[in-house]
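Student: Shown below is the structure under consideration.
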Amino acid sequence: MKLNRRQFVGASAGIAASTLAAPSLYAASHGGKPKVVVIGGGAGGATTARYINKDSDGAIDVTLVEPTRTYYTCFFSNLYIGGFRTIESLAHSYGGIASEGVNVVHDYAVGVDRDAKTVTLASGDTLMYDRLVMSPGIDFVDGAVPGWDVTAQNKMPHAYKAGSQSELLKAQIEAMPEGGTFAMVAPPNPYRCPPGPYERISMVAHLLKETNPTAKILIADPKEKFSKQGLFEEGWNTHYSGMIERIGPDFGGNNVEVNPDEMTLTIDGTVENVDVCNVIPAMKAGVICERAGLTDGNWAPVDGRTMVSRMDENVHILGDACAQGDMPKSGFSANSQAKVAAMAVRGALTDSKVFPAKFSNTCWSLIAPDDGVKVGAAYEANEEKIASVDSFISQTGEDAALRKATYEESVGWYEGITSDIFG
Amino acid sequence: MVFRFTVPFGILLAGSAAHTGAAQTLDRLLTDPDEIAAQCGGQASAGEPLFQENCAACHSLTVEGDQSKGPHLAGLYGRAAGGVADYDYVSDLPGRDVTWEGDTLRPFLSGETGIEGHPVIEPEQVRRDLLTYVRIHTRPAPPAPEEVEVPADVLAMSGDAEYGAYLAGDCVSCHNAAAEATGMETIYGRGVETFLTLMYQYKARAIGTETMQLYATSLGDDEMAALAAYFEGADS
Ligand SMILES: Cc1cc2nc3c(=O)[nH]c(=O)nc-3n(C[C@H](O)[C@H](O)[C@H](O)COP(=O)(O)OP(=O)(O)OC[C@H]3O[C@@H](n4cnc5c(N)ncnc54)[C@H](O)[C@@H]3O)c2cc1C
């Protein structure tokens, strides 16, 4: 039997005397508790699965679908490249979430049948849901950088999904000839982690300053300006003077082509021979969103008050994949949105209360040892979007003690948030 | 940096009506961001990118900032025009008898009373958003922690712990046992009064980092009370 919202509302009104009305209906529909399937065990998905499971005290059956057994956080992966973290320190397993009672399935979702309310996995299995949560992160837009596609990612890594890509990029930088060139093709807006490419440039510069001080860094950037620009440029002048050259759109930074076999980067017709080429292409929602028919353009639009899809009231989409309004695509944002999604899902499937959504985000970036900066904002949701209500940003010229404290705060944040995500 | 609103120079209008603003009733010492936003008629979040784009290259918001291109803006509201002692003014600003506040800054930024070479910011709402951001970030020095008091009616509120449990989600992302070793404090089991006092101190900027100050500022009294009720009763 297919249970749509109208039938659900009518039926529960008929047996309103019983507080178990909602759960018993699900029991009638497919034998047992209401079922939630979460696609993607990253910052958004793992947090949502944990919070629904924990706060519903076992009243909701939660299944988390995630292909990898070890999740490497993108956050702090630039610090790994700079030599401030080990790759192991970025690795998180799903043992904690599973032991709390979430059913963790290591598989890849290949399709969503929204009428039947089922998710099909690569293994061929199907999972039924009453509510679906999707936090699949990002994929790259095909053809965004002429000459590059994912088959070239071993020659020209993106390192914008962490793990082996991060290790590869670091190894390539370490293998650069003396005085060689590291190039980055920076992405157009919107993309995950707005300061991410520029924190990476800082970390690459730090690594090269220690090991290969005559090396050069070249950025081809399609954007006129970028996140925390004043802070990064101040830091680059102070710490890495003369090493970094950024070519913006006025000089053709938006007109690039790469040749992974020849290791060339062509900027506005001028061919550059480079030793490492970090291509960060334009991004879109993880492809499963498109397959489920939940995207409009590159992203999946949602109502920020509940993180529910604008196209299907039984599907919540969060994190990088969704288009929600003013929040940057960050791990902090995804974790904050997860709590709103978890509350909304519990409210829909059990009788728990739903409160007005509130969100926070802070993005820290490390420019050089103990030189941390941050930008943050508080948000509320209205029917149109998630809207920024107040914000702050580090200032240029801050003293060293404040910058060090900012970096130390980010280290605390990392430990805290990864434990909040993975248990 | 590109000045989107730049025109070659502003027009000098010394002695215009806007300059006789000494009798303004604006409370120059406002510290509450919401009150500042209401007073300035703008939105700080809209003003931040405007500031980065149009002002940050020359003006720092703090006294420690670089003054090689322009004077810092710390304590701008209530300050005399041309009044930064360690800045070497080339314009006629120090000679004008003007105190900076909304009614003198807006005509300055519109070019009506501007100085040569200074960007003109248009239109009015953009000026208001920009000034809201600047004013919030240059407001007077915060009080000492012991001067901050939680109003009695807030202390007496009975917070909704269930609401607090939801709101706490954003707190415990950082403040949990795993992060304790890094110096991040856990806050489970905090008493209501201690909790509220800390929140009020953050909001007044008497203690803490900008992350916490912003978070506390984003909370209404009912939300603080809800969080306080939840954390008092929660042990993990
Ligand atoms: C270099 C870099 C630095 C960053 N630094 C920061 C930082 O300092 N602070 C910060 O807050 N954020 C940072 N971020 C951003 C942050 O990593 C992302 O915003 C965050 O991970 C988004 O969470 P998510 O849940 O949307 O996606 P992800 O965390 O990417 O999780 C998506 C998960 O879904 C899985 N998945 C995808 N498709 C499917 C499918 N079909 N079936 C099943 N599973 C699927 C993937 O395997 C993945 O595990 C950084 C990012 C980068 C690249």
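Simple scheme: letters A, B, ... for chains in structure tokens order, numbers from 1 for residues in each chain, numbers from 1 for ligands in the order shown.
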Kindly work out which residues sit at most 8 Å from ligand 1, using only C-alpha atoms and all ligand atoms, and give the list as a count of residues only.
Tutor: 60
Student: Which residues come within 8 Å of B:Val134, counting only C-alpha atoms, excluding same-chain residues fewer than 3 positions away, as a PyMOL selection string?
Tutor: chain B and resi 44+47+51+61+73+130-131+137-138
Student: Near B:Thr197, counting only C-alpha atoms, which residues have an atom at most 8 Å away, once you skip same-chain residues fewer than 4 positions from it, shown as a PyMOL selection string?
Tutor: chain B and resi 148-150+193+201
Student: For the selection just defined, write its residues with all heavy atoms to a file, as a short mmCIF file (atom, residue, chain, number, x, y, z; two decimals), in the first residue's frame.
Tutor:
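Written out: again19.cif:
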```
data_model
loop_
_atom_site.label_atom_id
_atom_site.label_comp_id
_atom_site.auth_asym_id
_atom_site.auth_seq_id
_atom_site.Cartn_x
_atom_site.Cartn_y
_atom_site.Cartn_z
N VAL B 148 28.64 43.21 33.60
CA VAL B 148 27.50 42.71 32.83
C VAL B 148 26.51 42.02 33.76
O VAL B 148 26.89 41.14 34.52
CB VAL B 148 27.97 41.71 31.74
CG1 VAL B 148 26.78 41.16 30.97
CG2 VAL B 148 28.97 42.39 30.82
N GLU B 149 25.27 42.46 33.69
CA GLU B 149 24.26 41.85 34.55
C GLU B 149 23.15 41.24 33.72
O GLU B 149 22.71 41.82 32.73
CB GLU B 149 23.65 42.92 35.46
CG GLU B 149 24.29 42.96 36.82
CD GLU B 149 23.60 43.98 37.73
OE1 GLU B 149 22.36 43.94 37.79
OE2 GLU B 149 24.33 44.79 38.33
N VAL B 150 22.66 40.10 34.14
CA VAL B 150 21.50 39.50 33.47
C VAL B 150 20.26 40.13 34.09
O VAL B 150 20.11 40.12 35.32
CB VAL B 150 21.47 37.98 33.69
CG1 VAL B 150 20.32 37.36 32.90
CG2 VAL B 150 22.80 37.36 33.31
N GLU B 193 21.98 30.21 36.11
CA GLU B 193 22.49 31.57 36.28
C GLU B 193 23.88 31.71 35.66
O GLU B 193 24.17 32.71 34.98
CB GLU B 193 22.53 31.93 37.78
CG GLU B 193 22.91 33.38 37.95
CD GLU B 193 22.67 33.92 39.36
OE1 GLU B 193 22.04 33.21 40.18
OE2 GLU B 193 23.11 35.04 39.63
N GLN B 201 27.50 38.01 28.87
CA GLN B 201 28.87 38.55 28.75
C GLN B 201 29.38 38.44 27.31
O GLN B 201 30.01 39.35 26.79
CB GLN B 201 29.82 37.83 29.72
CG GLN B 201 29.55 38.23 31.18
CD GLN B 201 30.34 37.39 32.17
OE1 GLN B 201 30.77 36.28 31.87
NE2 GLN B 201 30.53 37.92 33.37
#
```
Student: Using only C-alpha atoms, which protein or nucleic acid residues come within 12 Å of B:Val63? Drop anything in the same chain fewer than 6 positions from it, and give the result as number ranges by chain.
Tutor: A: 395-399; B: 70-76, 84-87, 137-138, 140-141
Student: Can I get the selected residues back with N, CA, C and O atoms, as an mmCIF file, in the first residue's frame?
Tutor:
```
data_model
loop_
_atom_site.group_PDB
_atom_site.id
_atom_site.type_symbol
_atom_site.label_atom_id
_atom_site.label_comp_id
_atom_site.auth_asym_id
_atom_site.auth_seq_id
_atom_site.Cartn_x
_atom_site.Cartn_y
_atom_site.Cartn_z
ATOM 1 N N GLN A 395 39.959 40.589 10.929
ATOM 2 C CA GLN A 395 40.418 41.846 10.334
ATOM 3 C C GLN A 395 41.870 41.733 9.882
ATOM 4 O O GLN A 395 42.643 40.978 10.456
ATOM 5 N N THR A 396 42.222 42.504 8.853
ATOM 6 C CA THR A 396 43.640 42.586 8.503
ATOM 7 C C THR A 396 44.348 43.308 9.658
ATOM 8 O O THR A 396 43.714 44.068 10.398
ATOM 9 N N GLY A 397 45.628 43.022 9.823
ATOM 10 C CA GLY A 397 46.400 43.715 10.849
ATOM 11 C C GLY A 397 46.178 43.220 12.267
ATOM 12 O O GLY A 397 46.644 43.850 13.217
ATOM 13 N N GLU A 398 45.483 42.097 12.428
ATOM 14 C CA GLU A 398 45.291 41.584 13.792
ATOM 15 C C GLU A 398 46.631 41.117 14.368
ATOM 16 O O GLU A 398 47.528 40.706 13.624
ATOM 17 N N ASP A 399 46.734 41.131 15.713
ATOM 18 C CA ASP A 399 48.020 40.739 16.286
ATOM 19 C C ASP A 399 48.184 39.216 16.299
ATOM 20 O O ASP A 399 47.226 38.464 16.148
ATOM 21 N N GLY B 70 44.771 54.903 4.968
ATOM 22 C CA GLY B 70 43.643 55.646 5.518
ATOM 23 C C GLY B 70 43.544 55.413 7.006
ATOM 24 O O GLY B 70 44.103 54.443 7.527
ATOM 25 N N PRO B 71 42.860 56.315 7.732
ATOM 26 C CA PRO B 71 42.765 56.173 9.184
ATOM 27 C C PRO B 71 41.891 54.985 9.580
ATOM 28 O O PRO B 71 40.998 54.601 8.838
ATOM 29 N N HIS B 72 42.187 54.412 10.749
ATOM 30 C CA HIS B 72 41.338 53.324 11.250
ATOM 31 C C HIS B 72 39.963 53.873 11.606
ATOM 32 O O HIS B 72 39.787 55.095 11.778
ATOM 33 N N LEU B 73 38.984 52.997 11.711
ATOM 34 C CA LEU B 73 37.611 53.436 11.971
ATOM 35 C C LEU B 73 37.131 53.093 13.384
ATOM 36 O O LEU B 73 35.968 53.317 13.714
ATOM 37 N N ALA B 74 38.026 52.548 14.226
ATOM 38 C CA ALA B 74 37.599 52.152 15.571
ATOM 39 C C ALA B 74 36.959 53.334 16.295
ATOM 40 O O ALA B 74 37.486 54.449 16.261
ATOM 41 N N GLY B 75 35.838 53.105 16.924
ATOM 42 C CA GLY B 75 35.162 54.164 17.662
ATOM 43 C C GLY B 75 34.667 55.288 16.777
ATOM 44 O O GLY B 75 34.555 56.443 17.205
ATOM 45 N N LEU B 76 34.368 54.980 15.506
ATOM 46 C CA LEU B 76 34.010 56.012 14.525
ATOM 47 C C LEU B 76 32.826 56.876 14.972
ATOM 48 O O LEU B 76 32.889 58.104 14.913
ATOM 49 N N VAL B 84 41.782 61.111 14.290
ATOM 50 C CA VAL B 84 42.689 60.038 14.710
ATOM 51 C C VAL B 84 44.084 60.632 14.900
ATOM 52 O O VAL B 84 44.705 61.110 13.954
ATOM 53 N N ALA B 85 44.561 60.615 16.158
ATOM 54 C CA ALA B 85 45.775 61.352 16.505
ATOM 55 C C ALA B 85 46.991 60.904 15.697
ATOM 56 O O ALA B 85 47.780 61.729 15.246
ATOM 57 N N ASP B 86 47.150 59.595 15.478
ATOM 58 C CA ASP B 86 48.376 59.151 14.824
ATOM 59 C C ASP B 86 48.193 58.975 13.312
ATOM 60 O O ASP B 86 48.953 58.272 12.671
ATOM 61 N N TYR B 87 47.188 59.612 12.738
ATOM 62 C CA TYR B 87 47.043 59.554 11.288
ATOM 63 C C TYR B 87 47.299 60.936 10.703
ATOM 64 O O TYR B 87 46.825 61.945 11.212
ATOM 65 N N HIS B 137 30.990 47.011 14.024
ATOM 66 C CA HIS B 137 32.356 46.517 14.189
ATOM 67 C C HIS B 137 33.336 47.570 14.688
ATOM 68 O O HIS B 137 34.528 47.295 14.819
ATOM 69 N N THR B 138 32.846 48.765 14.965
ATOM 70 C CA THR B 138 33.735 49.792 15.516
ATOM 71 C C THR B 138 33.143 50.362 16.793
ATOM 72 O O THR B 138 33.526 51.430 17.227
ATOM 73 N N PRO B 140 32.044 51.027 20.728
ATOM 74 C CA PRO B 140 32.944 51.325 21.843
ATOM 75 C C PRO B 140 33.458 50.071 22.553
ATOM 76 O O PRO B 140 32.872 49.009 22.430
ATOM 77 N N ALA B 141 34.523 50.254 23.283
ATOM 78 C CA ALA B 141 35.135 49.134 23.993
ATOM 79 C C ALA B 141 34.098 48.445 24.876
ATOM 80 O O ALA B 141 33.242 49.104 25.456
#
```
Student: Do you have, as CSV, the list of residues of chain B lying at most 9 Å from chain A, each with its nearest atom pair and that distance in Å to one decimal, counting only C-alpha atoms and ordered by chain then number?
Tutor:
```
residue,atom,partner,partner_atom,distance
B:Met1,CA,A:Lys225,CA,8.6
B:Pro33,CA,A:Asp390,CA,8.6
B:Gln43,CA,A:Val389,CA,7.8
B:Ala44,CA,A:Asp390,CA,6.1
B:Ser45,CA,A:Asp390,CA,5.3
B:Ala46,CA,A:Ser388,CA,8.7
B:Glu48,CA,A:Ser391,CA,7.7
B:Gln52,CA,A:Gly230,CA,7.5
B:Glu53,CA,A:Lys225,CA,8.8
B:Ala56,CA,A:Gly230,CA,7.5
B:Ala57,CA,A:Gly230,CA,7.4
B:Ser60,CA,A:Thr396,CA,7.0
B:Leu61,CA,A:Gln395,CA,7.2
B:Thr62,CA,A:Gln395,CA,7.8
B:Glu64,CA,A:Gly397,CA,6.3
B:Gly65,CA,A:Gly397,CA,4.5
B:Asp66,CA,A:Gly397,CA,6.0
B:Tyr133,CA,A:Ser391,CA,8.9
B:His137,CA,A:Phe392,CA,8.3
B:Glu162,CA,A:Lys353,CA,8.1
B:Tyr163,CA,A:Phe355,CA,6.7
B:Tyr166,CA,A:Met343,CA,7.5
B:Leu167,CA,A:Lys358,CA,7.7
B:Gly169,CA,A:Lys339,CA,6.4
B:Asp170,CA,A:Ser336,CA,6.1
B:Val172,CA,A:Asp420,CA,7.2
B:Ser173,CA,A:Ile417,CA,4.7
B:Cys174,CA,A:Gly416,CA,4.2
B:His175,CA,A:Gly416,CA,6.3
B:Asn176,CA,A:Gly416,CA,5.9
B:Ala177,CA,A:Gly416,CA,7.7
B:Ala178,CA,A:Gly416,CA,5.8
B:Ala179,CA,A:Gly416,CA,4.6
B:Glu180,CA,A:Gly412,CA,7.8
B:Ala181,CA,A:Gly412,CA,8.2
B:Thr182,CA,A:Gly412,CA,5.2
B:Gly183,CA,A:Gly412,CA,6.9
B:Met184,CA,A:Gly412,CA,5.8
B:Thr209,CA,A:Thr406,CA,8.3
B:Glu210,CA,A:Phe392,CA,7.1
B:Thr211,CA,A:Gly376,CA,6.8
B:Leu214,CA,A:Ser391,CA,7.0
B:Tyr215,CA,A:Ala378,CA,6.8
B:Thr217,CA,A:Asp390,CA,8.6
B:Ser218,CA,A:Ala378,CA,6.5
```
Student: Emit the selected residues as a short mmCIF file (atom, residue, chain, number, x, y, z; two decimals), in the first residue's frame, including C-alpha atoms.
Tutor:
```cif
data_model
loop_
_atom_site.label_atom_id
_atom_site.label_comp_id
_atom_site.auth_asym_id
_atom_site.auth_seq_id
_atom_site.Cartn_x
_atom_site.Cartn_y
_atom_site.Cartn_z
CA MET B 1 40.77 46.05 -5.38
CA PRO B 33 23.95 44.99 17.31
CA GLN B 43 21.67 45.16 7.58
CA ALA B 44 25.16 44.25 8.77
CA SER B 45 25.27 41.10 6.67
CA ALA B 46 24.64 43.15 3.53
CA GLU B 48 30.04 43.25 5.18
CA GLN B 52 35.34 44.42 1.99
CA GLU B 53 34.91 45.67 -1.53
CA ALA B 56 38.87 47.47 3.56
CA ALA B 57 41.77 48.29 1.25
CA SER B 60 40.94 49.02 9.26
CA LEU B 61 38.15 48.53 11.78
CA THR B 62 40.61 48.33 14.67
CA GLU B 64 45.97 48.04 15.42
CA GLY B 65 45.27 47.97 11.68
CA ASP B 66 47.43 49.30 8.88
CA TYR B 133 28.28 46.94 9.49
CA HIS B 137 32.36 46.52 14.19
CA GLU B 162 12.79 20.75 24.77
CA TYR B 163 13.41 23.84 22.66
CA TYR B 166 17.11 21.48 19.66
CA LEU B 167 19.05 24.74 19.95
CA GLY B 169 22.69 21.10 18.55
CA ASP B 170 24.78 24.02 17.36
CA VAL B 172 27.58 20.68 21.12
CA SER B 173 29.12 20.54 17.65
CA CYS B 174 32.13 22.09 19.35
CA HIS B 175 31.42 21.81 23.06
CA ASN B 176 31.58 18.07 23.58
CA ALA B 177 33.77 15.61 25.44
CA ALA B 178 35.94 14.81 22.41
CA ALA B 179 37.00 18.44 22.05
CA GLU B 180 37.68 18.98 25.76
CA ALA B 181 41.36 18.10 25.45
CA THR B 182 41.82 21.02 23.03
CA GLY B 183 40.50 23.48 25.60
CA MET B 184 36.91 23.56 24.31
CA THR B 209 35.78 34.97 20.70
CA GLU B 210 33.78 36.49 17.85
CA THR B 211 32.27 33.07 17.16
CA LEU B 214 27.99 36.33 17.35
CA TYR B 215 26.20 33.22 18.53
CA THR B 217 23.97 37.93 19.90
CA SER B 218 21.80 35.77 17.63
#
```
